[in-house]
Structures are given as structure tokens and as C-alpha cells.
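Note sheet for the following structure.
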Amino acid sequence: MIVLIDYGVGNLYSVAKAVASVGGDVKISSSADDIKRAEKIILPGVGAFGDCMKNLEATGLIPTIKQEIFDGKKILGICVGLQIMFAGSEESPFIEGLNFFGGNVKKIRAGDLKIPHMGWNSVKFGGSKLFAGLSGEPYFYFVHSYHASPDDKNIIAATTIYGETITAALEFENIFATQFHPEKSGDVGLQVLKNFVEL
């Protein structure tokens, strides 16, 4: 079972439908017991960093999520679900994130380009398991104004360009995350979700 964490933010039903379509046994839940029983976890996120963290804190699930991740359970963060894996964000400077990774989330410096960055962008990736079966620089769908700047650049699994180089995906041991929305990215997004389901 894959638990899609329900904490009041994120495109829960579209993500769940996409995961189910690639063979995932997915359950939307805000239960600590379900998270403990799950084989994998998906952490969505839409909106502001601070609002996502406040909502997540209100569920009381943070200690459970952290313990499961530290024990080796695989997790996929999506959009702000990636960003809250860091210590903090310029968007909400007094709100502490989950702190899985060192570094910060910074506003996109895009020059004359429109912010938020919204639409399809090509993504350059290396050997990440999330991108197995894909080639070239496929296009994924983004909606965001901030992006992660990890202290350890080795965890960056993919990048895109929007005025500057932007972190598009992360991979470190059992932790995976995408800044783009795989559930909105057509066949290539479904392939990313399938790869996570089959890890």
C-alpha cells in the first residue's frame, strides 16, 4: 500500500488516480497507523510553504513521518512537498521545514520572465531511478515561484531552466521528490510515478 498523506493541501485525488493508473495500491489517509503500515508514502503540497507546514503540524503526523523515513521507508514529495523537506524557505522565513536536507528554498530569479513559473519545461536528468525508461529532455508541468537550493548538490536528480537553473527533482537514498507535478505531466509524468511505485 502507498499512503498519500492528506493534510489539507495538494491535488490528492488527481495524484491518487494517476498512481492507481500505473498499478499503485494507493490510499489517501491522515492516519499515523496507515503511514506506519504503508510500503511507501507520497507527500503532496500546493500553496505556500508556511501554510503547508502549519497544516502538517496540525495533523500531529510529523514525528511519524520522520521516523518512518529515518527507518528507510520510501517517500515521494511533490511540488511544495519537495520544498518542505528542507530547513526553511524565503517564502515563509520564520517557519521550520521537515529538515530532511540541508539548504533552503529560494525565490526564482527569472529576470523578465513571469513568476510564478507555470507551464511545461524540459527537464535534464541523470541516472535517477525516478526517470528510468525516459530519454532526452522530456517536458513536465510546473507551477511554482520558489525552488530548492540544497547544500549537497549531489542530491539534485534533475534540473530545468527558467531564468536560472532550477532544481526539478531530488533523490537521496529512500527520499525522492519532484518540483514538477507528475500527475499533470502526461505520459512522462505517469512513467515517473510508475517508477516510484515499482521501487
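Going through the C-alpha cells in order, the chains are called A, B, and so on, while each chain numbers its residues from 1 and the ligands are numbered from 1 in the order shown.
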Spatial neighbours of Asp151 in chain A, 9 Å, only C-alpha atoms, chain gap at least 3 places, as a short mmCIF file (atom, residue, chain, number, x, y, z; two decimals) with all heavy atoms, in the first residue's frame:
```cif
data_model
loop_
_atom_site.label_atom_id
_atom_site.label_comp_id
_atom_site.auth_asym_id
_atom_site.auth_seq_id
_atom_site.Cartn_x
_atom_site.Cartn_y
_atom_site.Cartn_z
N PHE A 101 16.83 17.74 4.45
CA PHE A 101 18.00 18.16 3.69
C PHE A 101 18.50 19.51 4.18
O PHE A 101 17.71 20.37 4.57
CB PHE A 101 17.65 18.32 2.20
CG PHE A 101 17.20 17.06 1.54
CD1 PHE A 101 15.98 17.01 0.88
CD2 PHE A 101 18.00 15.93 1.54
CE1 PHE A 101 15.56 15.86 0.24
CE2 PHE A 101 17.59 14.77 0.91
CZ PHE A 101 16.37 14.74 0.26
N GLY A 102 19.82 19.69 4.15
CA GLY A 102 20.39 20.99 4.41
C GLY A 102 20.21 21.89 3.19
O GLY A 102 20.22 21.43 2.05
N GLY A 103 20.05 23.16 3.44
CA GLY A 103 19.83 24.11 2.36
C GLY A 103 18.54 24.87 2.58
O GLY A 103 17.93 24.78 3.65
N ASN A 104 18.14 25.60 1.57
CA ASN A 104 16.98 26.47 1.71
C ASN A 104 16.19 26.49 0.41
O ASN A 104 16.67 26.04 -0.63
CB ASN A 104 17.43 27.88 2.07
CG ASN A 104 16.35 28.70 2.74
OD1 ASN A 104 15.28 28.20 3.05
ND2 ASN A 104 16.64 29.98 2.97
N ASN A 154 24.75 16.98 -4.88
CA ASN A 154 24.69 15.61 -5.39
C ASN A 154 23.30 15.00 -5.28
O ASN A 154 23.01 14.00 -5.93
CB ASN A 154 25.69 14.71 -4.65
CG ASN A 154 27.12 15.07 -4.96
OD1 ASN A 154 27.45 15.38 -6.10
ND2 ASN A 154 27.98 15.04 -3.96
#
```
Practice task
Going by DSSP on the backbone, which bits of range 128-185 of chain A are strand (DSSP E or B)? Write them as a ChimeraX atom specification, please.
Solution key: /A:139-144,146-150,156-161,165-172,175-178
With a cut-off of 12 Å, could you pull out the residues of range 40-151 of chain A touching range 11-23 of chain A and give me the nearest pair of atoms for each, distance in Å to one decimal, using only C-alpha atoms, ordered by chain and ascending number, as CSV?
```
residue,atom,partner,partner_atom,distance
A:Lys40,CA,A:Val19,CA,11.9
A:Ile41,CA,A:Val19,CA,11.7
A:Ile42,CA,A:Val15,CA,9.2
A:Leu43,CA,A:Leu12,CA,9.6
A:Pro44,CA,A:Asn11,CA,7.2
A:Gly45,CA,A:Asn11,CA,7.8
A:Val46,CA,A:Asn11,CA,7.5
A:Gly47,CA,A:Asn11,CA,10.8
A:Leu76,CA,A:Val15,CA,11.5
A:Gly77,CA,A:Val15,CA,11.5
A:Ile78,CA,A:Val15,CA,9.5
A:Cys79,CA,A:Asn11,CA,10.3
A:Val80,CA,A:Asn11,CA,11.3
A:Gly81,CA,A:Asn11,CA,11.3
```
Kindly save the residues from that selection, with C-alpha atoms included, as a short mmCIF file (atom, residue, chain, number, x, y, z; two decimals), in the first residue's frame.
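Below is the file part-v4.cif, written as the result:
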```cif
data_model
loop_
_atom_site.label_atom_id
_atom_site.label_comp_id
_atom_site.auth_asym_id
_atom_site.auth_seq_id
_atom_site.Cartn_x
_atom_site.Cartn_y
_atom_site.Cartn_z
CA LYS A 40 5.70 3.87 0.58
CA ILE A 41 4.50 7.43 1.26
CA ILE A 42 3.61 10.31 -1.05
CA LEU A 43 3.73 13.83 0.37
CA PRO A 44 1.91 16.35 -1.85
CA GLY A 45 1.90 20.11 -1.42
CA VAL A 46 0.22 23.11 -3.03
CA GLY A 47 0.32 26.76 -1.98
CA LEU A 76 7.93 10.92 -2.83
CA GLY A 77 7.42 14.65 -2.31
CA ILE A 78 5.54 16.60 -4.98
CA CYS A 79 5.83 20.38 -5.55
CA VAL A 80 5.70 22.06 -2.11
CA GLY A 81 6.02 18.50 -0.77
#
```
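By only C-alpha atoms, and with residues fewer than 2 positions from Lys194 in chain A along its chain excluded, the set lying at most 8 Å from it is Val19, Val22, Gly23, Gly24, Leu190, Gln191, Val192, Phe196, Val197 and Glu198 of chain A.
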Export, as an mmCIF file, in the first residue's frame, the selected residues with N, CA and C atoms.
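In the end it all went to again.cif:
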```
data_model
loop_
_atom_site.group_PDB
_atom_site.id
_atom_site.type_symbol
_atom_site.label_atom_id
_atom_site.label_comp_id
_atom_site.auth_asym_id
_atom_site.auth_seq_id
_atom_site.Cartn_x
_atom_site.Cartn_y
_atom_site.Cartn_z
ATOM 1 N N VAL A 19 -1.556 7.545 -9.677
ATOM 2 C CA VAL A 19 -0.797 6.436 -9.079
ATOM 3 C C VAL A 19 -1.521 5.112 -9.301
ATOM 4 N N VAL A 22 -1.100 3.523 -12.777
ATOM 5 C CA VAL A 22 0.168 2.848 -13.100
ATOM 6 C C VAL A 22 0.409 1.650 -12.191
ATOM 7 N N GLY A 23 -0.649 1.189 -11.531
ATOM 8 C CA GLY A 23 -0.559 -0.051 -10.765
ATOM 9 C C GLY A 23 -0.345 0.105 -9.285
ATOM 10 N N GLY A 24 -0.389 1.323 -8.756
ATOM 11 C CA GLY A 24 -0.172 1.528 -7.332
ATOM 12 C C GLY A 24 -1.429 1.263 -6.521
ATOM 13 N N LEU A 190 3.425 10.016 -15.726
ATOM 14 C CA LEU A 190 2.968 8.695 -15.289
ATOM 15 C C LEU A 190 4.138 7.721 -15.190
ATOM 16 N N GLN A 191 5.123 7.863 -16.095
ATOM 17 C CA GLN A 191 6.303 6.994 -16.017
ATOM 18 C C GLN A 191 7.079 7.248 -14.725
ATOM 19 N N VAL A 192 7.197 8.516 -14.325
ATOM 20 C CA VAL A 192 7.872 8.831 -13.064
ATOM 21 C C VAL A 192 7.124 8.191 -11.887
ATOM 22 N N PHE A 196 8.338 5.160 -9.254
ATOM 23 C CA PHE A 196 8.282 5.210 -7.799
ATOM 24 C C PHE A 196 7.499 4.026 -7.242
ATOM 25 N N VAL A 197 6.373 3.722 -7.850
ATOM 26 C CA VAL A 197 5.548 2.585 -7.395
ATOM 27 C C VAL A 197 6.366 1.288 -7.420
ATOM 28 N N GLU A 198 7.229 1.153 -8.421
ATOM 29 C CA GLU A 198 7.960 -0.108 -8.615
ATOM 30 C C GLU A 198 9.312 -0.157 -7.921
#
```
Problem - Selected residue of minimal separation from Thr178 in chain A among A:Leu134, A:Ile95, A:Met1, A:Met85, counting only C-alpha atoms - result: A:Met85
Exercise for the section: Show which residues sit within 10 Å of Phe140 in chain A, as a ChimeraX atom specification. Count only C-alpha atoms, and ignore same-chain residues fewer than 3 positions away. Expected result: /A:119-123,137,160,168,179-189
For the selection you just gave me, I'd like the residues written to a file as a tab-separated table (two decimals), in the first residue's frame, keeping N, CA, C and O atoms.
```tsv
chain	number	residue	atom	x	y	z
A	119	GLY	N	3.75	26.17	-16.32
A	119	GLY	CA	3.68	25.57	-17.65
A	119	GLY	C	4.70	24.46	-17.83
A	119	GLY	O	5.29	23.96	-16.88
A	120	TRP	N	4.90	24.11	-19.10
A	120	TRP	CA	5.74	22.96	-19.46
A	120	TRP	C	7.17	23.40	-19.68
A	120	TRP	O	7.43	24.36	-20.39
A	121	ASN	N	8.10	22.67	-19.04
A	121	ASN	CA	9.52	22.93	-19.23
A	121	ASN	C	10.26	21.62	-19.42
A	121	ASN	O	9.93	20.60	-18.80
A	122	SER	N	11.28	21.67	-20.27
A	122	SER	CA	12.11	20.47	-20.46
A	122	SER	C	12.99	20.26	-19.23
A	122	SER	O	13.43	21.22	-18.59
A	123	VAL	N	13.22	19.01	-18.92
A	123	VAL	CA	13.95	18.63	-17.72
A	123	VAL	C	15.17	17.78	-18.10
A	123	VAL	O	15.06	16.83	-18.88
A	137	GLU	N	15.31	15.10	-23.02
A	137	GLU	CA	14.95	16.10	-22.01
A	137	GLU	C	13.44	16.33	-22.08
A	137	GLU	O	12.97	17.32	-22.65
A	160	THR	N	15.84	22.13	-14.49
A	160	THR	CA	15.23	22.80	-15.62
A	160	THR	C	15.75	24.23	-15.62
A	160	THR	O	16.38	24.67	-14.66
A	168	ALA	N	14.65	20.49	-10.28
A	168	ALA	CA	13.39	19.88	-10.74
A	168	ALA	C	13.07	18.58	-10.02
A	168	ALA	O	11.90	18.18	-9.97
A	179	GLN	N	9.78	18.81	-8.18
A	179	GLN	CA	9.18	20.14	-8.14
A	179	GLN	C	8.02	20.22	-9.13
A	179	GLN	O	7.03	20.91	-8.88
A	180	PHE	N	8.11	19.52	-10.22
A	180	PHE	CA	7.02	19.47	-11.19
A	180	PHE	C	5.90	18.55	-10.67
A	180	PHE	O	6.07	17.80	-9.71
A	181	HIS	N	4.76	18.63	-11.34
A	181	HIS	CA	3.61	17.79	-10.98
A	181	HIS	C	3.56	16.59	-11.93
A	181	HIS	O	3.09	16.73	-13.06
A	182	PRO	N	4.00	15.42	-11.51
A	182	PRO	CA	3.93	14.26	-12.41
A	182	PRO	C	2.50	13.90	-12.81
A	182	PRO	O	2.26	13.45	-13.92
A	183	GLU	N	1.55	14.14	-11.89
A	183	GLU	CA	0.16	13.80	-12.18
A	183	GLU	C	-0.46	14.70	-13.24
A	183	GLU	O	-1.55	14.40	-13.76
A	184	LYS	N	0.21	15.81	-13.57
A	184	LYS	CA	-0.28	16.73	-14.60
A	184	LYS	C	0.61	16.72	-15.83
A	184	LYS	O	0.44	17.56	-16.72
A	185	SER	N	1.54	15.77	-15.89
A	185	SER	CA	2.59	15.80	-16.92
A	185	SER	C	2.45	14.71	-17.97
A	185	SER	O	3.43	14.33	-18.61
A	186	GLY	N	1.24	14.21	-18.17
A	186	GLY	CA	1.01	13.26	-19.24
A	186	GLY	C	1.76	11.96	-19.05
A	186	GLY	O	2.04	11.53	-17.92
A	187	ASP	N	2.15	11.34	-20.17
A	187	ASP	CA	2.76	10.01	-20.12
A	187	ASP	C	4.10	10.01	-19.40
A	187	ASP	O	4.43	9.04	-18.70
A	188	VAL	N	4.89	11.08	-19.56
A	188	VAL	CA	6.19	11.09	-18.89
A	188	VAL	C	6.01	11.20	-17.38
A	188	VAL	O	6.76	10.60	-16.60
A	189	GLY	N	5.01	11.95	-16.95
A	189	GLY	CA	4.73	12.04	-15.52
A	189	GLY	C	4.26	10.71	-14.96
A	189	GLY	O	4.64	10.32	-13.85
```
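Residue nearest Gly88 in chain A within the list A:Ser29, A:Ser149, A:Ser135, A:Thr165: A:Ser149 [criterion: smallest interatomic distance, only C-alpha atoms].
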Problem - Selection near Ile35 in chain A, 10 Å with only C-alpha atoms, sequence-local residues under 3 positions removed, as a PyMOL selection string - result: chain A and resi 1-5+27+29-32+38-42+61+64-65+68+73
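Closest approach to Cys52 in chain A from the set A:Phe94, A:Tyr7, A:Phe70, A:Tyr146 is made by A:Tyr7, with distances taken over only C-alpha atoms.
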Exercise for the section: Write down as an MDAnalysis selection string the residues belonging to range 42-151 of chain A that are assigned alpha helix (DSSP H) by DSSP computed on the backbone. Expected result: chainID A and resid 49:59 62:70 80:83
Excluding Lys114 in chain A and residues on its chain fewer than 5 positions from it, collect all residues at most 10 Å away from it, counting only C-alpha atoms, and give them as a PDB file with N, CA and C atoms, in the first residue's frame.
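Result saved to out.pdb:
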```pdb
ATOM      1  N   SER A 145       6.826  29.356  -7.570  1.00  0.00           N
ATOM      2  CA  SER A 145       7.586  30.608  -7.533  1.00  0.00           C
ATOM      3  C   SER A 145       8.914  30.446  -6.799  1.00  0.00           C
ATOM      4  N   TYR A 162      14.675  28.209 -16.019  1.00  0.00           N
ATOM      5  CA  TYR A 162      13.650  29.248 -16.124  1.00  0.00           C
ATOM      6  C   TYR A 162      14.262  30.533 -15.556  1.00  0.00           C
ATOM      7  N   GLY A 163      14.988  31.209 -16.384  1.00  0.00           N
ATOM      8  CA  GLY A 163      15.732  32.382 -15.946  1.00  0.00           C
ATOM      9  C   GLY A 163      17.019  32.032 -15.230  1.00  0.00           C
TER      10      GLY A 163
END
```
Practice task
Report the distance between CA of Lys124 in chain A and CA of Ala157 in chain A in Å, rounded to one decimal place.
Solution key: 8.7 Å
Problem - Distance in Å - CA of Ala132 in chain A versus CA of Ile156 in chain A - result: 15.6 Å
Shell of 9 Å around Leu56 in chain A, only C-alpha atoms, local chain residues under 3 positions omitted, as a tab-separated table (two decimals) with N, CA, C and O atoms, in the first residue's frame:
```
chain	number	residue	atom	x	y	z
A	6	ASP	N	-2.88	12.98	3.55
A	6	ASP	CA	-3.91	14.00	3.49
A	6	ASP	C	-3.73	14.96	4.66
A	6	ASP	O	-4.01	14.62	5.81
A	7	TYR	N	-3.24	16.17	4.37
A	7	TYR	CA	-3.13	17.19	5.42
A	7	TYR	C	-3.75	18.51	4.95
A	7	TYR	O	-3.38	19.58	5.40
A	8	GLY	N	-4.70	18.36	4.04
A	8	GLY	CA	-5.48	19.51	3.62
A	8	GLY	C	-4.91	20.31	2.47
A	8	GLY	O	-5.46	21.35	2.13
A	9	VAL	N	-3.82	19.85	1.88
A	9	VAL	CA	-3.22	20.55	0.73
A	9	VAL	C	-2.82	19.54	-0.34
A	9	VAL	O	-2.56	18.38	-0.03
A	51	ASP	N	2.00	27.66	5.00
A	51	ASP	CA	0.67	27.07	5.17
A	51	ASP	C	0.75	25.54	5.16
A	51	ASP	O	0.06	24.87	5.95
A	52	CYS	N	1.57	25.00	4.27
A	52	CYS	CA	1.73	23.55	4.21
A	52	CYS	C	2.29	23.01	5.53
A	52	CYS	O	1.79	22.01	6.07
A	53	MET	N	3.32	23.67	6.07
A	53	MET	CA	3.91	23.20	7.32
A	53	MET	C	2.94	23.34	8.49
A	53	MET	O	2.84	22.45	9.34
A	59	THR	N	-1.79	18.12	12.01
A	59	THR	CA	-2.21	16.71	11.97
A	59	THR	C	-1.52	15.87	13.04
A	59	THR	O	-1.98	14.77	13.36
A	60	GLY	N	-0.39	16.35	13.56
A	60	GLY	CA	0.38	15.56	14.51
A	60	GLY	C	1.18	14.44	13.86
A	60	GLY	O	1.74	13.59	14.56
A	61	LEU	N	1.27	14.45	12.52
A	61	LEU	CA	1.91	13.34	11.80
A	61	LEU	C	3.42	13.49	11.62
A	61	LEU	O	4.08	12.53	11.23
A	62	ILE	N	3.96	14.67	11.88
A	62	ILE	CA	5.38	14.90	11.57
A	62	ILE	C	6.31	13.90	12.26
A	62	ILE	O	7.20	13.32	11.61
```
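Each of A:Ile155, A:Ile161, A:Gly50, A:Lys66 was compared to Phe176 in chain A using only C-alpha atoms, and A:Ile155 turns out to be the nearest.
With CA of Gly136 in chain A on one side and CA of Glu164 in chain A on the other, the separation reads 20.1 Å.
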